[in-house]
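Enquirer: Enclosed is the structure file work_37.txt (compact mmCIF, N, CA and C atoms).
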```txt
# COMPACT_ATOMS: atom_id res chain seq x y z
N MET A 236 137.30 98.86 104.90
CA MET A 236 136.28 98.09 104.23
C MET A 236 136.72 97.90 102.77
N ASN A 237 136.62 96.65 102.27
CA ASN A 237 137.08 96.45 100.89
C ASN A 237 136.02 96.90 99.88
N LYS A 238 136.47 97.21 98.68
CA LYS A 238 135.59 97.78 97.65
C LYS A 238 134.52 96.79 97.20
N GLY A 239 134.86 95.50 97.13
CA GLY A 239 133.88 94.50 96.71
C GLY A 239 132.71 94.42 97.67
N TYR A 240 133.01 94.43 98.96
CA TYR A 240 131.96 94.37 99.98
C TYR A 240 131.09 95.62 99.90
N THR A 241 131.72 96.78 99.79
CA THR A 241 130.99 98.05 99.72
C THR A 241 130.06 98.07 98.50
N ARG A 242 130.56 97.63 97.37
CA ARG A 242 129.75 97.61 96.15
C ARG A 242 128.57 96.66 96.30
N ASN A 243 128.81 95.47 96.84
CA ASN A 243 127.73 94.50 97.02
C ASN A 243 126.68 95.01 98.01
N LEU A 244 127.14 95.67 99.07
CA LEU A 244 126.21 96.24 100.03
C LEU A 244 125.37 97.33 99.39
N PHE A 245 126.02 98.19 98.62
CA PHE A 245 125.31 99.26 97.92
C PHE A 245 124.26 98.69 96.97
N LEU A 246 124.61 97.66 96.20
CA LEU A 246 123.66 97.05 95.27
C LEU A 246 122.50 96.39 96.01
N ALA A 247 122.79 95.77 97.15
CA ALA A 247 121.73 95.15 97.94
C ALA A 247 120.76 96.20 98.47
N ILE A 248 121.29 97.34 98.91
CA ILE A 248 120.44 98.42 99.41
C ILE A 248 119.59 98.99 98.28
N LEU A 249 120.19 99.21 97.12
CA LEU A 249 119.42 99.70 95.97
C LEU A 249 118.29 98.74 95.62
N LYS A 250 118.60 97.46 95.57
CA LYS A 250 117.58 96.47 95.22
C LYS A 250 116.47 96.46 96.25
N HIS A 251 116.84 96.57 97.53
CA HIS A 251 115.83 96.54 98.59
C HIS A 251 114.87 97.72 98.49
N TYR A 252 115.38 98.90 98.22
CA TYR A 252 114.53 100.09 98.20
C TYR A 252 113.84 100.36 96.88
N PHE A 253 114.43 99.94 95.79
CA PHE A 253 113.87 100.31 94.49
C PHE A 253 113.29 99.15 93.70
N MET A 254 113.48 97.94 94.14
CA MET A 254 113.01 96.78 93.39
C MET A 254 111.87 96.10 94.14
N LYS A 255 110.86 96.84 94.45
CA LYS A 255 109.73 96.27 95.18
C LYS A 255 108.45 96.42 94.37
N ILE A 256 107.66 95.39 94.43
CA ILE A 256 106.34 95.44 93.81
C ILE A 256 105.35 95.80 94.91
N ASP A 257 104.55 96.82 94.69
CA ASP A 257 103.54 97.22 95.66
C ASP A 257 102.38 96.23 95.56
N ILE A 258 102.38 95.27 96.45
CA ILE A 258 101.44 94.14 96.39
C ILE A 258 99.98 94.59 96.47
N ASP A 259 99.73 95.70 97.15
CA ASP A 259 98.35 96.18 97.29
C ASP A 259 97.77 96.72 95.99
N LYS A 260 98.64 97.09 95.05
CA LYS A 260 98.17 97.64 93.78
C LYS A 260 98.02 96.58 92.68
N ILE A 261 98.41 95.35 92.96
CA ILE A 261 98.34 94.29 91.95
C ILE A 261 96.89 94.01 91.58
N HIS A 262 96.62 93.95 90.29
CA HIS A 262 95.29 93.64 89.79
C HIS A 262 95.41 93.09 88.36
N THR A 263 94.32 92.65 87.81
CA THR A 263 94.27 92.25 86.41
C THR A 263 92.86 92.44 85.90
N THR A 264 92.70 92.26 84.61
CA THR A 264 91.37 92.37 84.00
C THR A 264 90.72 90.99 84.02
N ALA A 265 89.45 90.94 83.67
CA ALA A 265 88.75 89.65 83.60
C ALA A 265 89.40 88.76 82.54
N LEU A 266 89.74 89.36 81.40
CA LEU A 266 90.40 88.58 80.35
C LEU A 266 91.80 88.14 80.78
N GLY A 267 92.50 89.01 81.52
CA GLY A 267 93.82 88.67 82.03
C GLY A 267 93.75 87.51 83.00
N ALA A 268 92.75 87.52 83.88
CA ALA A 268 92.59 86.43 84.85
C ALA A 268 92.34 85.11 84.14
N GLU A 269 91.51 85.16 83.12
CA GLU A 269 91.21 83.93 82.36
C GLU A 269 92.46 83.43 81.63
N ARG A 270 93.23 84.35 81.06
CA ARG A 270 94.46 83.98 80.34
C ARG A 270 95.47 83.34 81.29
N ILE A 271 95.65 83.94 82.47
CA ILE A 271 96.59 83.41 83.46
C ILE A 271 96.12 82.03 83.94
N ARG A 272 94.83 81.92 84.23
CA ARG A 272 94.26 80.64 84.68
C ARG A 272 94.49 79.55 83.63
N ARG A 273 94.27 79.89 82.37
CA ARG A 273 94.44 78.93 81.28
C ARG A 273 95.93 78.57 81.07
N ASN A 274 96.78 79.59 81.00
CA ASN A 274 98.20 79.35 80.73
C ASN A 274 98.90 78.55 81.82
N LEU A 275 98.48 78.77 83.08
CA LEU A 275 99.12 78.08 84.19
C LEU A 275 98.32 76.89 84.70
N ALA A 276 97.20 76.62 84.04
CA ALA A 276 96.32 75.51 84.42
C ALA A 276 95.96 75.59 85.91
N LEU A 277 95.52 76.78 86.33
CA LEU A 277 95.16 77.00 87.72
C LEU A 277 93.72 76.59 87.97
N ALA A 278 93.49 75.99 89.11
CA ALA A 278 92.14 75.61 89.51
C ALA A 278 91.73 76.46 90.72
N VAL A 279 91.94 77.76 90.62
CA VAL A 279 91.59 78.68 91.71
C VAL A 279 90.56 79.68 91.20
N ASP A 280 89.74 80.18 92.11
CA ASP A 280 88.74 81.17 91.74
C ASP A 280 89.35 82.57 91.63
N ASP A 281 90.22 82.91 92.57
CA ASP A 281 90.79 84.25 92.62
C ASP A 281 92.25 84.24 92.15
N VAL A 282 92.44 84.52 90.88
CA VAL A 282 93.77 84.49 90.27
C VAL A 282 94.67 85.58 90.87
N VAL A 283 94.11 86.74 91.13
CA VAL A 283 94.90 87.84 91.68
C VAL A 283 95.46 87.47 93.06
N GLU A 284 94.64 86.88 93.91
CA GLU A 284 95.13 86.47 95.23
C GLU A 284 96.21 85.40 95.10
N TRP A 285 96.03 84.48 94.15
CA TRP A 285 97.05 83.45 93.93
C TRP A 285 98.37 84.12 93.52
N CYS A 286 98.29 85.07 92.61
CA CYS A 286 99.49 85.77 92.15
C CYS A 286 100.14 86.56 93.28
N LYS A 287 99.34 87.24 94.09
CA LYS A 287 99.88 88.00 95.22
C LYS A 287 100.63 87.08 96.18
N ASN A 288 100.04 85.93 96.47
CA ASN A 288 100.71 84.96 97.35
C ASN A 288 102.02 84.50 96.77
N GLU A 289 102.04 84.24 95.47
CA GLU A 289 103.27 83.79 94.82
C GLU A 289 104.33 84.89 94.85
N ILE A 290 103.92 86.13 94.64
CA ILE A 290 104.86 87.25 94.66
C ILE A 290 105.43 87.43 96.07
N GLU A 291 104.56 87.39 97.07
CA GLU A 291 105.00 87.57 98.45
C GLU A 291 105.96 86.47 98.89
N ASN A 292 105.76 85.26 98.38
CA ASN A 292 106.59 84.12 98.78
C ASN A 292 107.81 83.93 97.89
N ALA A 293 107.93 84.73 96.85
CA ALA A 293 109.06 84.60 95.93
C ALA A 293 110.34 85.12 96.57
N ASP A 294 111.43 84.46 96.27
CA ASP A 294 112.75 84.93 96.68
C ASP A 294 113.01 86.26 95.96
N SER A 295 113.64 87.20 96.63
CA SER A 295 113.87 88.51 96.01
C SER A 295 114.69 88.41 94.73
N SER A 296 115.53 87.39 94.62
CA SER A 296 116.32 87.23 93.39
C SER A 296 115.46 86.71 92.25
N ALA A 297 114.24 86.27 92.56
CA ALA A 297 113.34 85.74 91.53
C ALA A 297 112.45 86.83 90.95
N ILE A 298 112.62 88.07 91.41
CA ILE A 298 111.83 89.19 90.92
C ILE A 298 112.77 90.18 90.25
N THR A 299 112.53 90.42 88.97
CA THR A 299 113.38 91.36 88.24
C THR A 299 112.52 92.36 87.50
N ARG A 300 113.12 93.48 87.19
CA ARG A 300 112.43 94.47 86.39
C ARG A 300 113.26 94.73 85.14
N ARG A 301 112.60 94.60 84.00
CA ARG A 301 113.23 94.91 82.72
C ARG A 301 112.30 95.86 81.99
N GLY A 302 112.77 97.09 81.82
CA GLY A 302 111.94 98.07 81.13
C GLY A 302 110.66 98.36 81.88
N LYS A 303 109.54 98.19 81.19
CA LYS A 303 108.25 98.54 81.79
C LYS A 303 107.60 97.41 82.56
N ASN A 304 108.24 96.25 82.64
CA ASN A 304 107.62 95.09 83.30
C ASN A 304 108.45 94.51 84.43
N TRP A 305 107.73 93.97 85.40
CA TRP A 305 108.30 93.12 86.43
C TRP A 305 108.13 91.69 85.97
N TYR A 306 109.09 90.84 86.30
CA TYR A 306 109.00 89.41 86.03
C TYR A 306 109.21 88.67 87.33
N VAL A 307 108.26 87.81 87.67
CA VAL A 307 108.35 87.00 88.88
C VAL A 307 108.55 85.56 88.44
N TYR A 308 109.70 85.00 88.79
CA TYR A 308 110.04 83.64 88.38
C TYR A 308 109.75 82.67 89.51
N GLY A 309 108.77 81.81 89.29
CA GLY A 309 108.44 80.78 90.26
C GLY A 309 109.09 79.48 89.86
N LYS A 310 108.75 78.44 90.59
CA LYS A 310 109.34 77.12 90.33
C LYS A 310 109.07 76.64 88.91
N ASP A 311 107.85 76.85 88.44
CA ASP A 311 107.50 76.36 87.11
C ASP A 311 106.69 77.37 86.29
N TYR A 312 106.82 78.65 86.61
CA TYR A 312 106.06 79.69 85.90
C TYR A 312 106.81 81.01 85.91
N VAL A 313 106.34 81.92 85.07
CA VAL A 313 106.81 83.31 85.07
C VAL A 313 105.58 84.20 84.98
N LEU A 314 105.46 85.15 85.90
CA LEU A 314 104.39 86.13 85.85
C LEU A 314 104.96 87.43 85.30
N THR A 315 104.20 88.11 84.44
CA THR A 315 104.61 89.39 83.88
C THR A 315 103.65 90.45 84.40
N ILE A 316 104.21 91.50 85.03
CA ILE A 316 103.40 92.55 85.65
C ILE A 316 103.88 93.90 85.15
N ASN A 317 102.96 94.73 84.68
CA ASN A 317 103.32 96.06 84.24
C ASN A 317 103.81 96.87 85.44
N ALA A 318 104.99 97.46 85.32
CA ALA A 318 105.63 98.15 86.44
C ALA A 318 104.95 99.46 86.81
N TYR A 319 104.19 100.05 85.91
CA TYR A 319 103.56 101.34 86.18
C TYR A 319 102.14 101.19 86.68
N SER A 320 101.38 100.30 86.06
CA SER A 320 99.97 100.14 86.43
C SER A 320 99.74 98.99 87.41
N TYR A 321 100.75 98.14 87.61
CA TYR A 321 100.67 96.95 88.46
C TYR A 321 99.63 95.95 87.97
N THR A 322 99.38 95.95 86.68
CA THR A 322 98.46 94.99 86.09
C THR A 322 99.22 93.71 85.78
N ILE A 323 98.68 92.58 86.22
CA ILE A 323 99.27 91.29 85.87
C ILE A 323 98.89 91.06 84.42
N ILE A 324 99.87 91.02 83.55
CA ILE A 324 99.62 90.91 82.12
C ILE A 324 99.39 89.46 81.73
N THR A 325 100.29 88.59 82.17
CA THR A 325 100.17 87.18 81.80
C THR A 325 101.02 86.32 82.71
N GLY A 326 100.82 85.05 82.60
CA GLY A 326 101.64 84.05 83.29
C GLY A 326 101.92 82.94 82.30
N HIS A 327 103.12 82.43 82.34
CA HIS A 327 103.50 81.33 81.43
C HIS A 327 104.22 80.25 82.21
N LYS A 328 104.05 79.03 81.76
CA LYS A 328 104.84 77.94 82.32
C LYS A 328 106.25 78.04 81.81
N ARG A 329 107.21 77.61 82.60
CA ARG A 329 108.62 77.64 82.20
C ARG A 329 108.97 76.39 81.46
```
Show me this structure written as structure tokens.

Expert:
Amino acid sequence: MNKGYTRNLFLAILKHYFMKIDIDKIHTTALGAERIRRNLALAVDDVVEWCKNEIENADSSAITRRGKNWYVYGKDYVLTINAYSYTIITGHKR
């Protein structure tokens, strides 16, 4: 087995097991929901459910963790989620 393949496989396994957002713990505050709705111009009642759907449908390469936050990159937005509390902090258009 060549070293490049082994390294790529190892990195893929690490990402699969350690780079997951626990979707059941995702939440936000009332002010956070209003901020996300305003920033992304959403016309939905349940911002958290919208965010969960976007996270579940995101390509795994579109989800990264930097420091204390997860970043979910959608087609025209970025969601910021605290990695420890799973609070959706904000959403911004790209």

Enquirer: Pick the closest to Asp311 of chain A from A:Ser296, A:Ile290, A:Arg270, A:His327: which is it, counting all atoms listed in the file?

Expert: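 Of all the options, A:His327 lies closest to Asp311 of chain A.
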
Enquirer: Go through A:Ala278, A:Ile271, A:Asn288, A:Trp305 one by one, measure the shortest atom-to-atom distance of each to Asn317 of chain A using only C-alpha atoms, and give the residue with the smallest value.

Expert: A:Trp305

Enquirer: Identify, on the basis of only C-alpha atoms, every residue whose closest approach to Arg301 of chain A does not exceed 12 Å; exclude the query and any residue fewer than 4 positions from it along the same chain; express the result as a compact mmCIF listing (two decimals) with N, CA and C atoms, in the frame of the given file.

Expert:
```txt
# COMPACT_ATOMS: atom_id res chain seq x y z
N MET A 254 113.48 97.94 94.14
CA MET A 254 113.01 96.78 93.39
C MET A 254 111.87 96.10 94.14
N TRP A 305 107.73 93.97 85.40
CA TRP A 305 108.30 93.12 86.43
C TRP A 305 108.13 91.69 85.97
N TYR A 306 109.09 90.84 86.30
CA TYR A 306 109.00 89.41 86.03
C TYR A 306 109.21 88.67 87.33
N VAL A 307 108.26 87.81 87.67
CA VAL A 307 108.35 87.00 88.88
C VAL A 307 108.55 85.56 88.44
N THR A 315 104.20 88.11 84.44
CA THR A 315 104.61 89.39 83.88
C THR A 315 103.65 90.45 84.40
N ILE A 316 104.21 91.50 85.03
CA ILE A 316 103.40 92.55 85.65
C ILE A 316 103.88 93.90 85.15
N ASN A 317 102.96 94.73 84.68
CA ASN A 317 103.32 96.06 84.24
C ASN A 317 103.81 96.87 85.44
N ALA A 318 104.99 97.46 85.32
CA ALA A 318 105.63 98.15 86.44
C ALA A 318 104.95 99.46 86.81
```

Enquirer: Quick one: residues within 7 Å of Arg329 of chain A, only N, CA and C atoms, excluding same-chain residues fewer than 4 positions away - as a PyMOL selection string?

Expert: chain A and resi 310-313

Enquirer: Using all atoms listed in the file, find the one residue out of A:Thr322, A:Thr263, A:Gly309, A:Lys328 that sits nearest to Ala276 of chain A.

Expert: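 Ranked by minimum distance to Ala276 of chain A, first place goes to A:Lys328.
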
Enquirer: Nearest to Ile261 of chain A among A:Asp294, A:Lys303, A:Leu277, A:Glu284, with distances taken over only N, CA and C atoms: which residue is it?

Expert: A:Glu284

Enquirer: Quick one: pull the distance between atom C of Ala268 of chain A and atom C of Tyr319 of chain A, Å, one decimal.

Expert: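 Between atom C of Ala268 of chain A and atom C of Tyr319 of chain A the gap is 19.0 Å.
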
Enquirer: Calculate how many Å separate atom C of Thr299 of chain A from atom N of Asp280 of chain A, rounding to one decimal.

Expert: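 It comes out at 26.2 Å.
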
Enquirer: Check the DSSP output for the backbone and give back, as a VMD selection string, the residues of segment 256-310 of chain A in strand (DSSP E).

Expert: chain A and resid 298 to 301 304 to 308

Enquirer: For a quick check of understanding, using all atoms listed in the file, which of A:Tyr321, A:Tyr308, A:Trp285, A:Gly326 has the smallest distance to His262 of chain A?

Expert: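 That would be A:Tyr321, the residue with the smallest distance to His262 of chain A.
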
Enquirer: Could you tell me how far atom CA of Gly267 of chain A sits from atom CA of Gly302 of chain A, in Å to one decimal place?

Expert: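 These atoms are spaced 20.4 Å apart.
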
Enquirer: Which residue, A:Ala293, A:Leu266, A:Ile258, A:Ile298, has the smallest gap to Ile324 of chain A when you use all atoms listed in the file?

Expert: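 Of A:Ala293, A:Leu266, A:Ile258, A:Ile298, the one nearest Ile324 of chain A, counting all atoms listed in the file, is A:Leu266.
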